[in-house]
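Notes follow the structure.
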Amino acid sequence: MKFSLFLHMERYDEAISHRQLYEDLLALCDLAEEGGLHKVWIGEHHSMEYTISPNPIPLLAAVAERTKNIRLGAGTFIAPFWHPIRMAGEAAMLDVISNGRAEIGLARGAYQFEFDRMLNGVSANDGGKYLREMVPVIRKLWEGDYAHDGEIWQFPVSTSVPKPVQTPTPPIWIAARDPDSHKFAVANGCSVMATPLFKNDDEVKDLARKFDEACAASPDVPRPQLMILQHAHVQSSDADGQRAAEAISLFFRNYGAWASNKKPPVNGFHHDIAPLDAERFPDFVPEQLRQNIMIGTPEEVIARLKTYEALGVDEYSIWLDNTMSFEEKRDSIRRFIDQVAPAFA
């Protein structure tokens, strides 16, 4: 099993500058490179201070110029917000800049807040049709001249300029949770990135089952890869583990405020995050999160990851958006590199 980081610049008030957050992100990516991690992922979000990355390409290009080995995952582009020609060209440019280290993640999008602002209020529930049309089109554009007459996009003969370094194409990943998304990804030769969010290992088992069933439904397609994206913290003490659980609880309460789309943010922030309602949201209780997500000593984390490996998980990605400080994130990743990753060498 390989390991990666999934991160954005992350801000909850104006006490820290965007420039400092950028430097912190680069430092975490440097640590991943130096520690031999396989990949860093940076996603796409708009008008949200708590996950800052309007386009992962510039950030990953900056990482590419200061690293040599680590792979660079644009994960995930929100397919409805892109034109296929632009997507193909920008993704290929990242592959050129990184000399063949780019991997491309695509998602249908989840926040209605973003669809209201980026796609004239189209329902986020309709994002899947954009994703399904996008995947084969960008592959055709990477191959050469191609004209498209689809439901969403139509254009005359065009091609991707530049072309990717990797042949036949950079790896494509699809963010998937439901069975149909798994089946679409596998049938189209794409790997799957799945997240159990705040759920426990039963959810991980269920996601692995959906992936296995999708592979069985497409027996002629070479098995792609399965990645589990999950919050994780390798604790230095019990108190440190409790602190991580409390921080991740706050992250999911922020997530809920953005996902509910009930109140408009103020200058990119939701400042009025409600106190934890344990009866309505028992999964957000820190003690429950400590059981559900990957928080523990190095030995505890290794034992759980071994069960994921046995399920067929090819890549485990540590979700670093968690409201914790740069120093806390850095120290946890160092412990993971030094005390957890060697058990999987």
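For the structure tokens, the naming scheme is as follows: chains receive sequential letters (A, B, ...) according to their order of presentation, residues are indexed from 1 within each chain, and ligands are indexed from 1 in presentation order.
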**Request:** Might you pull out every residue within 7 Å of region 225-236 of chain A, with only C-alpha atoms counted and same-chain residues fewer than 4 positions away left off, and present them as a list in words?
**Result:** Ser191, Val192, Met193, Ala194, Thr195, Pro196, Leu197, Asp240, Gly241, Ala244, Ile293, Met294, Ile295, Gly296, Thr297, Pro298, Val313, Asp314, Glu315, Tyr316, Ser317, Ile318, Trp319, Leu320, Ser332, Arg335 and Phe336 of chain A
Written file, previous selection with N, CA and C atoms, as a PDB file, in the first residue's frame:
ATOM      1  N   SER A 191      -9.111   4.788 -11.958  1.00  0.00           N
ATOM      2  CA  SER A 191      -8.993   4.380 -10.575  1.00  0.00           C
ATOM      3  C   SER A 191     -10.016   5.128  -9.731  1.00  0.00           C
ATOM      4  N   VAL A 192     -10.235   4.644  -8.522  1.00  0.00           N
ATOM      5  CA  VAL A 192     -11.292   5.169  -7.653  1.00  0.00           C
ATOM      6  C   VAL A 192     -10.686   5.774  -6.401  1.00  0.00           C
ATOM      7  N   MET A 193     -11.096   7.006  -6.102  1.00  0.00           N
ATOM      8  CA  MET A 193     -10.759   7.637  -4.835  1.00  0.00           C
ATOM      9  C   MET A 193     -12.056   7.728  -4.021  1.00  0.00           C
ATOM     10  N   ALA A 194     -12.057   7.104  -2.843  1.00  0.00           N
ATOM     11  CA  ALA A 194     -13.261   7.007  -2.028  1.00  0.00           C
ATOM     12  C   ALA A 194     -12.959   7.451  -0.615  1.00  0.00           C
ATOM     13  N   THR A 195     -13.908   8.127   0.003  1.00  0.00           N
ATOM     14  CA  THR A 195     -13.699   8.585   1.373  1.00  0.00           C
ATOM     15  C   THR A 195     -14.826   8.114   2.270  1.00  0.00           C
ATOM     16  N   PRO A 196     -14.478   7.540   3.421  1.00  0.00           N
ATOM     17  CA  PRO A 196     -15.499   7.171   4.409  1.00  0.00           C
ATOM     18  C   PRO A 196     -15.985   8.354   5.237  1.00  0.00           C
ATOM     19  N   LEU A 197     -15.454   9.561   4.961  1.00  0.00           N
ATOM     20  CA  LEU A 197     -15.786  10.756   5.725  1.00  0.00           C
ATOM     21  C   LEU A 197     -15.564  10.489   7.219  1.00  0.00           C
ATOM     22  N   ASP A 240      -2.820  14.483  22.869  1.00  0.00           N
ATOM     23  CA  ASP A 240      -2.645  14.912  21.484  1.00  0.00           C
ATOM     24  C   ASP A 240      -3.708  14.268  20.587  1.00  0.00           C
ATOM     25  N   GLY A 241      -4.024  13.002  20.841  1.00  0.00           N
ATOM     26  CA  GLY A 241      -5.080  12.346  20.083  1.00  0.00           C
ATOM     27  C   GLY A 241      -6.434  12.986  20.326  1.00  0.00           C
ATOM     28  N   ALA A 244      -6.623  16.180  18.362  1.00  0.00           N
ATOM     29  CA  ALA A 244      -6.890  15.928  16.947  1.00  0.00           C
ATOM     30  C   ALA A 244      -8.363  15.645  16.711  1.00  0.00           C
ATOM     31  N   ILE A 293     -12.294   7.374  12.868  1.00  0.00           N
ATOM     32  CA  ILE A 293     -11.263   7.722  11.907  1.00  0.00           C
ATOM     33  C   ILE A 293      -9.891   7.319  12.436  1.00  0.00           C
ATOM     34  N   MET A 294      -8.868   7.607  11.662  1.00  0.00           N
ATOM     35  CA  MET A 294      -7.528   7.049  11.927  1.00  0.00           C
ATOM     36  C   MET A 294      -6.750   7.942  12.894  1.00  0.00           C
ATOM     37  N   ILE A 295      -7.093   7.859  14.155  1.00  0.00           N
ATOM     38  CA  ILE A 295      -6.363   8.565  15.211  1.00  0.00           C
ATOM     39  C   ILE A 295      -5.823   7.520  16.175  1.00  0.00           C
ATOM     40  N   GLY A 296      -4.527   7.587  16.468  1.00  0.00           N
ATOM     41  CA  GLY A 296      -3.983   6.618  17.409  1.00  0.00           C
ATOM     42  C   GLY A 296      -2.476   6.636  17.462  1.00  0.00           C
ATOM     43  N   THR A 297      -1.932   5.728  18.230  1.00  0.00           N
ATOM     44  CA  THR A 297      -0.483   5.553  18.311  1.00  0.00           C
ATOM     45  C   THR A 297       0.010   4.961  16.992  1.00  0.00           C
ATOM     46  N   PRO A 298       1.316   5.013  16.737  1.00  0.00           N
ATOM     47  CA  PRO A 298       1.831   4.383  15.519  1.00  0.00           C
ATOM     48  C   PRO A 298       1.415   2.914  15.405  1.00  0.00           C
ATOM     49  N   VAL A 313      -6.939  -2.144  -0.629  1.00  0.00           N
ATOM     50  CA  VAL A 313      -6.675  -0.712  -0.790  1.00  0.00           C
ATOM     51  C   VAL A 313      -5.242  -0.531  -1.288  1.00  0.00           C
ATOM     52  N   ASP A 314      -5.099   0.175  -2.421  1.00  0.00           N
ATOM     53  CA  ASP A 314      -3.785   0.370  -3.037  1.00  0.00           C
ATOM     54  C   ASP A 314      -3.079   1.617  -2.524  1.00  0.00           C
ATOM     55  N   GLU A 315      -3.855   2.619  -2.161  1.00  0.00           N
ATOM     56  CA  GLU A 315      -3.283   3.890  -1.706  1.00  0.00           C
ATOM     57  C   GLU A 315      -4.114   4.417  -0.553  1.00  0.00           C
ATOM     58  N   TYR A 316      -3.437   4.870   0.476  1.00  0.00           N
ATOM     59  CA  TYR A 316      -4.093   5.506   1.612  1.00  0.00           C
ATOM     60  C   TYR A 316      -3.652   6.956   1.640  1.00  0.00           C
ATOM     61  N   SER A 317      -4.624   7.866   1.549  1.00  0.00           N
ATOM     62  CA  SER A 317      -4.304   9.283   1.495  1.00  0.00           C
ATOM     63  C   SER A 317      -4.756   9.961   2.781  1.00  0.00           C
ATOM     64  N   ILE A 318      -3.836  10.656   3.405  1.00  0.00           N
ATOM     65  CA  ILE A 318      -4.109  11.352   4.662  1.00  0.00           C
ATOM     66  C   ILE A 318      -4.717  12.709   4.348  1.00  0.00           C
ATOM     67  N   TRP A 319      -5.959  12.889   4.772  1.00  0.00           N
ATOM     68  CA  TRP A 319      -6.693  14.136   4.524  1.00  0.00           C
ATOM     69  C   TRP A 319      -6.265  15.148   5.583  1.00  0.00           C
ATOM     70  N   LEU A 320      -5.527  16.161   5.152  1.00  0.00           N
ATOM     71  CA  LEU A 320      -4.908  17.100   6.092  1.00  0.00           C
ATOM     72  C   LEU A 320      -5.722  18.365   6.341  1.00  0.00           C
ATOM     73  N   SER A 332       2.589  15.320  12.998  1.00  0.00           N
ATOM     74  CA  SER A 332       1.878  14.060  12.775  1.00  0.00           C
ATOM     75  C   SER A 332       2.402  13.357  11.528  1.00  0.00           C
ATOM     76  N   ARG A 335       5.681  11.729  12.241  1.00  0.00           N
ATOM     77  CA  ARG A 335       5.512  10.463  12.964  1.00  0.00           C
ATOM     78  C   ARG A 335       5.024   9.367  12.020  1.00  0.00           C
ATOM     79  N   PHE A 336       4.144   9.723  11.089  1.00  0.00           N
ATOM     80  CA  PHE A 336       3.665   8.730  10.125  1.00  0.00           C
ATOM     81  C   PHE A 336       4.824   8.224   9.265  1.00  0.00           C
TER      82      PHE A 336
END
**Message:** as a PyMOL selection string, please: every residue in region 183-301 of chain A that a backbone DSSP assignment puts in alpha helix (DSSP H).
**Reply:** chain A and resi 183-187+201-217+238-260+286-292+298-301
Go through region 97-150 of chain A and flag each residue having an atom no more than 9 Å from region 86-89 of chain A; for those, report the closest pair of atoms plus their distance in Å to one decimal, using only C-alpha atoms, ordered by chain and rising number, as CSV.
residue,atom,partner,partner_atom,distance
A:Met134,CA,A:Met87,CA,9.0
A:Val137,CA,A:Ala88,CA,8.6
A:Ile138,CA,A:Ala88,CA,5.2
A:Arg139,CA,A:Ala88,CA,7.8
A:Leu141,CA,A:Ala88,CA,6.6
A:Trp142,CA,A:Ala88,CA,6.6
May I have the residues from that selection written out with all heavy atoms, as a CSV table (one decimal), in the first residue's frame?
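What ended up in selection.csv:
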chain,number,residue,atom,x,y,z
A,134,MET,N,-17.1,14.1,-19.7
A,134,MET,CA,-15.8,14.6,-19.7
A,134,MET,C,-14.7,13.6,-19.9
A,134,MET,O,-13.8,13.8,-20.6
A,134,MET,CB,-15.5,15.4,-18.3
A,134,MET,CG,-14.1,15.9,-18.1
A,134,MET,SD,-13.8,17.4,-19.1
A,134,MET,CE,-14.6,18.6,-18.1
A,137,VAL,N,-13.8,12.3,-23.4
A,137,VAL,CA,-13.4,13.5,-24.2
A,137,VAL,C,-12.0,13.9,-24.0
A,137,VAL,O,-11.2,14.1,-24.9
A,137,VAL,CB,-14.4,14.6,-24.0
A,137,VAL,CG1,-13.9,15.9,-24.8
A,137,VAL,CG2,-15.8,14.2,-24.5
A,138,ILE,N,-11.5,14.0,-22.7
A,138,ILE,CA,-10.2,14.5,-22.5
A,138,ILE,C,-9.2,13.4,-23.0
A,138,ILE,O,-8.1,13.8,-23.4
A,138,ILE,CB,-9.9,14.9,-21.0
A,138,ILE,CG1,-10.2,13.7,-20.0
A,138,ILE,CG2,-10.8,16.1,-20.6
A,138,ILE,CD1,-9.8,14.1,-18.6
A,139,ARG,N,-9.5,12.2,-22.9
A,139,ARG,CA,-8.6,11.1,-23.4
A,139,ARG,C,-8.5,11.3,-24.9
A,139,ARG,O,-7.3,11.2,-25.4
A,139,ARG,CB,-9.2,9.7,-23.0
A,139,ARG,CG,-8.9,9.3,-21.6
A,139,ARG,CD,-9.0,7.8,-21.5
A,139,ARG,NE,-8.6,7.3,-20.2
A,139,ARG,CZ,-9.4,6.6,-19.4
A,139,ARG,NH1,-10.6,6.4,-19.7
A,139,ARG,NH2,-8.9,6.2,-18.2
A,141,LEU,N,-8.8,14.0,-26.6
A,141,LEU,CA,-8.0,15.2,-26.9
A,141,LEU,C,-6.5,15.0,-26.6
A,141,LEU,O,-5.7,15.5,-27.3
A,141,LEU,CB,-8.5,16.4,-26.1
A,141,LEU,CG,-9.9,16.9,-26.4
A,141,LEU,CD1,-10.5,17.8,-25.3
A,141,LEU,CD2,-9.9,17.7,-27.8
A,142,TRP,N,-6.2,14.2,-25.7
A,142,TRP,CA,-4.8,13.9,-25.4
A,142,TRP,C,-4.2,13.0,-26.5
A,142,TRP,O,-3.0,13.1,-26.8
A,142,TRP,CB,-4.7,13.1,-24.1
A,142,TRP,CG,-4.8,13.9,-22.9
A,142,TRP,CD1,-4.5,15.3,-22.8
A,142,TRP,CD2,-5.1,13.5,-21.5
A,142,TRP,NE1,-4.7,15.7,-21.5
A,142,TRP,CE2,-5.1,14.6,-20.7
A,142,TRP,CE3,-5.5,12.3,-21.0
A,142,TRP,CZ2,-5.4,14.6,-19.3
A,142,TRP,CZ3,-5.8,12.2,-19.7
A,142,TRP,CH2,-5.7,13.3,-18.8
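When only C-alpha atoms are used to compute distances to Asn69 (chain A), the closest of the residues A:Ile248, A:Val204, A:Val40, A:Ile85 turns out to be A:Val40.
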**Prompt:** Can you list, as a VMD selection string, every residue of region 83-296 of chain A that DSSP puts in strand (DSSP E or B)?
**Reply:** chain A and resid 102 to 107 146 to 149 154 to 158 172 to 175 191 to 194 226 to 234 266 269 294 to 296
Kindly save the residues from that selection, with N, CA, C and O atoms included, as a compact mmCIF listing (two decimals), in the first residue's frame.
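See part03.txt below for the written result:
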# COMPACT_ATOMS: atom_id res chain seq x y z
N ALA A 102 2.12 13.70 -13.24
CA ALA A 102 0.77 14.16 -12.97
C ALA A 102 -0.23 13.00 -12.93
O ALA A 102 -0.13 12.05 -13.71
N GLU A 103 -1.18 13.10 -12.03
CA GLU A 103 -2.34 12.22 -11.99
C GLU A 103 -3.58 13.11 -11.87
O GLU A 103 -3.55 14.12 -11.16
N ILE A 104 -4.64 12.73 -12.55
CA ILE A 104 -5.79 13.62 -12.70
C ILE A 104 -7.01 13.01 -12.02
O ILE A 104 -7.46 11.92 -12.38
N GLY A 105 -7.52 13.71 -11.03
CA GLY A 105 -8.73 13.29 -10.35
C GLY A 105 -9.90 14.14 -10.78
O GLY A 105 -9.78 15.36 -10.93
N LEU A 106 -11.04 13.50 -10.98
CA LEU A 106 -12.25 14.20 -11.41
C LEU A 106 -13.39 13.87 -10.46
O LEU A 106 -13.52 12.74 -9.98
N ALA A 107 -14.22 14.87 -10.20
CA ALA A 107 -15.40 14.68 -9.35
C ALA A 107 -16.59 15.38 -9.98
O ALA A 107 -16.44 16.30 -10.79
N TYR A 146 -9.79 15.72 -32.48
CA TYR A 146 -11.06 15.12 -32.08
C TYR A 146 -12.14 16.19 -32.12
O TYR A 146 -11.92 17.31 -31.64
N ALA A 147 -13.27 15.87 -32.70
CA ALA A 147 -14.45 16.74 -32.70
C ALA A 147 -15.50 16.11 -31.80
O ALA A 147 -15.66 14.87 -31.78
N HIS A 148 -16.26 16.94 -31.11
CA HIS A 148 -17.20 16.40 -30.12
C HIS A 148 -18.57 17.04 -30.29
O HIS A 148 -18.70 18.26 -30.46
N ASP A 149 -19.60 16.20 -30.24
CA ASP A 149 -20.99 16.67 -30.32
C ASP A 149 -21.78 15.94 -29.24
O ASP A 149 -22.44 14.94 -29.49
N GLN A 154 -20.06 20.85 -27.27
CA GLN A 154 -19.91 20.62 -28.71
C GLN A 154 -18.77 21.51 -29.20
O GLN A 154 -18.69 22.68 -28.83
N PHE A 155 -17.86 20.91 -29.98
CA PHE A 155 -16.79 21.71 -30.55
C PHE A 155 -16.25 21.02 -31.79
O PHE A 155 -16.31 19.79 -31.91
N PRO A 156 -15.72 21.81 -32.75
CA PRO A 156 -15.12 21.22 -33.95
C PRO A 156 -13.77 20.58 -33.63
O PRO A 156 -13.33 20.57 -32.48
N VAL A 157 -13.12 20.08 -34.66
CA VAL A 157 -11.86 19.35 -34.48
C VAL A 157 -10.88 20.17 -33.64
O VAL A 157 -10.57 21.33 -33.97
N SER A 158 -10.42 19.58 -32.58
CA SER A 158 -9.52 20.23 -31.63
C SER A 158 -8.59 19.18 -31.07
O SER A 158 -8.78 17.97 -31.26
N ILE A 172 -6.12 8.55 -14.58
CA ILE A 172 -7.33 9.29 -14.23
C ILE A 172 -8.00 8.60 -13.05
O ILE A 172 -8.17 7.38 -13.04
N TRP A 173 -8.40 9.40 -12.07
CA TRP A 173 -9.10 8.92 -10.89
C TRP A 173 -10.48 9.56 -10.84
O TRP A 173 -10.66 10.72 -11.23
N ILE A 174 -11.45 8.80 -10.31
CA ILE A 174 -12.81 9.30 -10.15
C ILE A 174 -13.17 9.25 -8.67
O ILE A 174 -13.00 8.21 -8.01
N ALA A 175 -13.67 10.36 -8.14
CA ALA A 175 -14.18 10.36 -6.78
C ALA A 175 -15.51 9.62 -6.78
O ALA A 175 -16.45 10.00 -7.50
N SER A 191 -9.11 4.79 -11.96
CA SER A 191 -8.99 4.38 -10.57
C SER A 191 -10.02 5.13 -9.73
O SER A 191 -10.60 6.12 -10.17
N VAL A 192 -10.23 4.64 -8.52
CA VAL A 192 -11.29 5.17 -7.65
C VAL A 192 -10.69 5.77 -6.40
O VAL A 192 -9.86 5.15 -5.73
N MET A 193 -11.10 7.01 -6.10
CA MET A 193 -10.76 7.64 -4.84
C MET A 193 -12.06 7.73 -4.02
O MET A 193 -13.04 8.30 -4.46
N ALA A 194 -12.06 7.10 -2.84
CA ALA A 194 -13.26 7.01 -2.03
C ALA A 194 -12.96 7.45 -0.62
O ALA A 194 -11.88 7.16 -0.08
N LEU A 226 -7.56 1.43 -6.03
CA LEU A 226 -8.51 1.96 -5.05
C LEU A 226 -7.73 2.76 -4.02
O LEU A 226 -6.79 2.26 -3.42
N MET A 227 -8.15 4.01 -3.83
CA MET A 227 -7.56 4.87 -2.81
C MET A 227 -8.62 5.18 -1.76
O MET A 227 -9.77 5.47 -2.09
N ILE A 228 -8.23 5.12 -0.50
CA ILE A 228 -9.08 5.57 0.60
C ILE A 228 -8.51 6.89 1.11
O ILE A 228 -7.33 6.99 1.47
N LEU A 229 -9.37 7.91 1.12
CA LEU A 229 -9.03 9.23 1.62
C LEU A 229 -9.70 9.41 2.98
O LEU A 229 -10.92 9.30 3.09
N GLN A 230 -8.90 9.67 3.99
CA GLN A 230 -9.42 9.70 5.36
C GLN A 230 -8.58 10.62 6.24
O GLN A 230 -7.36 10.70 6.09
N HIS A 231 -9.25 11.32 7.14
CA HIS A 231 -8.49 12.05 8.16
C HIS A 231 -7.68 11.06 8.99
O HIS A 231 -8.16 9.98 9.35
N ALA A 232 -6.46 11.43 9.29
CA ALA A 232 -5.58 10.57 10.08
C ALA A 232 -4.66 11.45 10.92
O ALA A 232 -4.22 12.51 10.47
N HIS A 233 -4.36 10.97 12.11
CA HIS A 233 -3.43 11.68 12.99
C HIS A 233 -2.69 10.66 13.83
O HIS A 233 -3.31 9.87 14.56
N VAL A 234 -1.38 10.66 13.70
CA VAL A 234 -0.54 9.79 14.53
C VAL A 234 -0.20 10.58 15.80
O VAL A 234 0.53 11.57 15.75
N VAL A 266 -19.55 35.09 4.97
CA VAL A 266 -19.12 36.49 4.98
C VAL A 266 -17.66 36.53 4.56
O VAL A 266 -16.79 36.04 5.28
N PHE A 269 -15.94 33.19 4.83
CA PHE A 269 -15.92 32.49 6.11
C PHE A 269 -17.33 32.21 6.61
O PHE A 269 -18.25 33.00 6.39
N MET A 294 -8.87 7.61 11.66
CA MET A 294 -7.53 7.05 11.93
C MET A 294 -6.75 7.94 12.89
O MET A 294 -5.87 8.71 12.50
N ILE A 295 -7.09 7.86 14.16
CA ILE A 295 -6.36 8.56 15.21
C ILE A 295 -5.82 7.52 16.17
O ILE A 295 -6.57 6.66 16.65
N GLY A 296 -4.53 7.59 16.47
CA GLY A 296 -3.98 6.62 17.41
C GLY A 296 -2.48 6.64 17.46
O GLY A 296 -1.81 7.46 16.82
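Using only C-alpha atoms for every distance, the candidate list A:Pro136, A:Gly100, A:Gly268, A:Pro84 yields A:Gly100 as the residue closest to Ala64 (chain A).
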**Request:** Might you pull out every residue within 12 Å of Ala62 (chain A), with only C-alpha atoms counted and same-chain residues fewer than 5 positions away left off, and present them as an MDAnalysis selection string?
**Result:** chainID A and resid 22:23 25:27 29:30 42 56:57 67:68 72 94 97:98
**Message:** Using Å and a single decimal, report how far CA of Gln291 (chain A) sits from CA of Ala303 (chain A).
**Reply:** 13.6 Å
**Fill in**
Using only C-alpha atoms, the shortest atom-to-atom distance to Asn254 (chain A) among A:Ser123, A:Ser237, A:Gln242, A:Asn322 belongs to A:Asn322
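Near Phe211 (chain A), within 8 Å and counting only C-alpha atoms, sit A:Pro179, A:His182, A:Lys183, A:Val192, A:Leu207, A:Ala208, A:Arg209, A:Glu213, A:Ala214, A:Cys215, A:Leu226, not including residues fewer than 2 positions from it in the same chain.
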Write the residues you've just listed into a file as a CSV table (one decimal), in the first residue's frame, and include all heavy atoms for each of them.
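Here's the written file part_37.csv:
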chain,number,residue,atom,x,y,z
A,179,PRO,N,-22.5,2.9,-5.8
A,179,PRO,CA,-22.1,1.8,-6.7
A,179,PRO,C,-22.0,2.2,-8.2
A,179,PRO,O,-21.1,1.8,-8.9
A,179,PRO,CB,-23.2,0.8,-6.5
A,179,PRO,CG,-23.7,1.1,-5.2
A,179,PRO,CD,-23.6,2.5,-5.0
A,182,HIS,N,-18.7,3.9,-8.9
A,182,HIS,CA,-17.6,2.9,-8.9
A,182,HIS,C,-17.6,2.2,-10.3
A,182,HIS,O,-16.6,2.0,-10.9
A,182,HIS,CB,-17.8,1.9,-7.8
A,182,HIS,CG,-17.3,2.3,-6.5
A,182,HIS,ND1,-18.0,3.2,-5.7
A,182,HIS,CD2,-16.1,2.1,-5.8
A,182,HIS,CE1,-17.3,3.4,-4.5
A,182,HIS,NE2,-16.2,2.7,-4.6
A,183,LYS,N,-18.8,1.8,-10.7
A,183,LYS,CA,-18.9,1.0,-12.0
A,183,LYS,C,-18.5,1.8,-13.2
A,183,LYS,O,-17.8,1.3,-14.1
A,183,LYS,CB,-20.3,0.5,-12.1
A,183,LYS,CG,-20.7,-0.6,-11.2
A,183,LYS,CD,-22.1,-1.1,-11.3
A,183,LYS,CE,-22.5,-2.2,-10.3
A,183,LYS,NZ,-23.9,-2.6,-10.4
A,192,VAL,N,-10.2,4.6,-8.5
A,192,VAL,CA,-11.3,5.2,-7.7
A,192,VAL,C,-10.7,5.8,-6.4
A,192,VAL,O,-9.9,5.1,-5.7
A,192,VAL,CB,-12.3,4.1,-7.3
A,192,VAL,CG1,-13.2,4.5,-6.2
A,192,VAL,CG2,-13.1,3.6,-8.5
A,207,LEU,N,-17.0,0.4,1.0
A,207,LEU,CA,-16.4,1.1,-0.2
A,207,LEU,C,-15.5,0.1,-1.0
A,207,LEU,O,-15.6,0.1,-2.2
A,207,LEU,CB,-15.6,2.3,0.2
A,207,LEU,CG,-16.4,3.5,0.8
A,207,LEU,CD1,-15.5,4.5,1.4
A,207,LEU,CD2,-17.2,4.2,-0.4
A,208,ALA,N,-14.8,-0.7,-0.3
A,208,ALA,CA,-13.9,-1.7,-1.0
A,208,ALA,C,-14.8,-2.8,-1.6
A,208,ALA,O,-14.5,-3.2,-2.7
A,208,ALA,CB,-13.0,-2.4,0.1
A,209,ARG,N,-16.0,-3.1,-1.0
A,209,ARG,CA,-16.9,-4.0,-1.6
A,209,ARG,C,-17.5,-3.5,-2.9
A,209,ARG,O,-17.5,-4.2,-4.0
A,209,ARG,CB,-18.0,-4.4,-0.7
A,209,ARG,CG,-19.1,-5.3,-1.3
A,209,ARG,CD,-20.3,-5.4,-0.3
A,209,ARG,NE,-20.9,-4.1,0.0
A,209,ARG,CZ,-21.8,-3.5,-0.9
A,209,ARG,NH1,-22.0,-4.0,-2.1
A,209,ARG,NH2,-22.3,-2.3,-0.5
A,213,GLU,N,-17.0,-5.1,-6.6
A,213,GLU,CA,-18.2,-5.5,-7.5
A,213,GLU,C,-18.1,-4.8,-8.8
A,213,GLU,O,-18.4,-5.3,-9.8
A,213,GLU,CB,-19.5,-5.1,-6.7
A,213,GLU,CG,-19.7,-6.0,-5.5
A,213,GLU,CD,-21.0,-5.6,-4.8
A,213,GLU,OE1,-21.5,-4.5,-5.1
A,213,GLU,OE2,-21.4,-6.4,-3.9
A,214,ALA,N,-17.6,-3.5,-8.8
A,214,ALA,CA,-17.4,-2.8,-10.1
A,214,ALA,C,-16.4,-3.5,-10.9
A,214,ALA,O,-16.5,-3.6,-12.2
A,214,ALA,CB,-17.0,-1.4,-9.8
A,215,CYS,N,-15.3,-4.0,-10.3
A,215,CYS,CA,-14.3,-4.7,-11.1
A,215,CYS,C,-14.8,-6.0,-11.7
A,215,CYS,O,-14.6,-6.4,-12.8
A,215,CYS,CB,-13.1,-5.0,-10.2
A,215,CYS,SG,-12.1,-3.6,-9.7
A,226,LEU,N,-7.6,1.4,-6.0
A,226,LEU,CA,-8.5,2.0,-5.0
A,226,LEU,C,-7.7,2.8,-4.0
A,226,LEU,O,-6.8,2.3,-3.4
A,226,LEU,CB,-9.3,0.8,-4.4
A,226,LEU,CG,-10.2,1.2,-3.2
A,226,LEU,CD1,-11.3,2.2,-3.6
A,226,LEU,CD2,-10.7,0.0,-2.5
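Between CA of Asn55 (chain A) and CA of Ala259 (chain A) lies a distance of 20.1 Å.
Remark: for Glu33 (chain A), the closest of the candidate residues A:Ile70, A:Leu21, A:Met324, A:Ala61 is A:Ile70 (distances computed over only C-alpha atoms).
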**Asked** When distances are computed from only C-alpha atoms, which of A:Tyr130, A:Trp82, A:Ser181, A:Leu305 shows the smallest separation from Val340 (chain A)?
**Response** A:Leu305
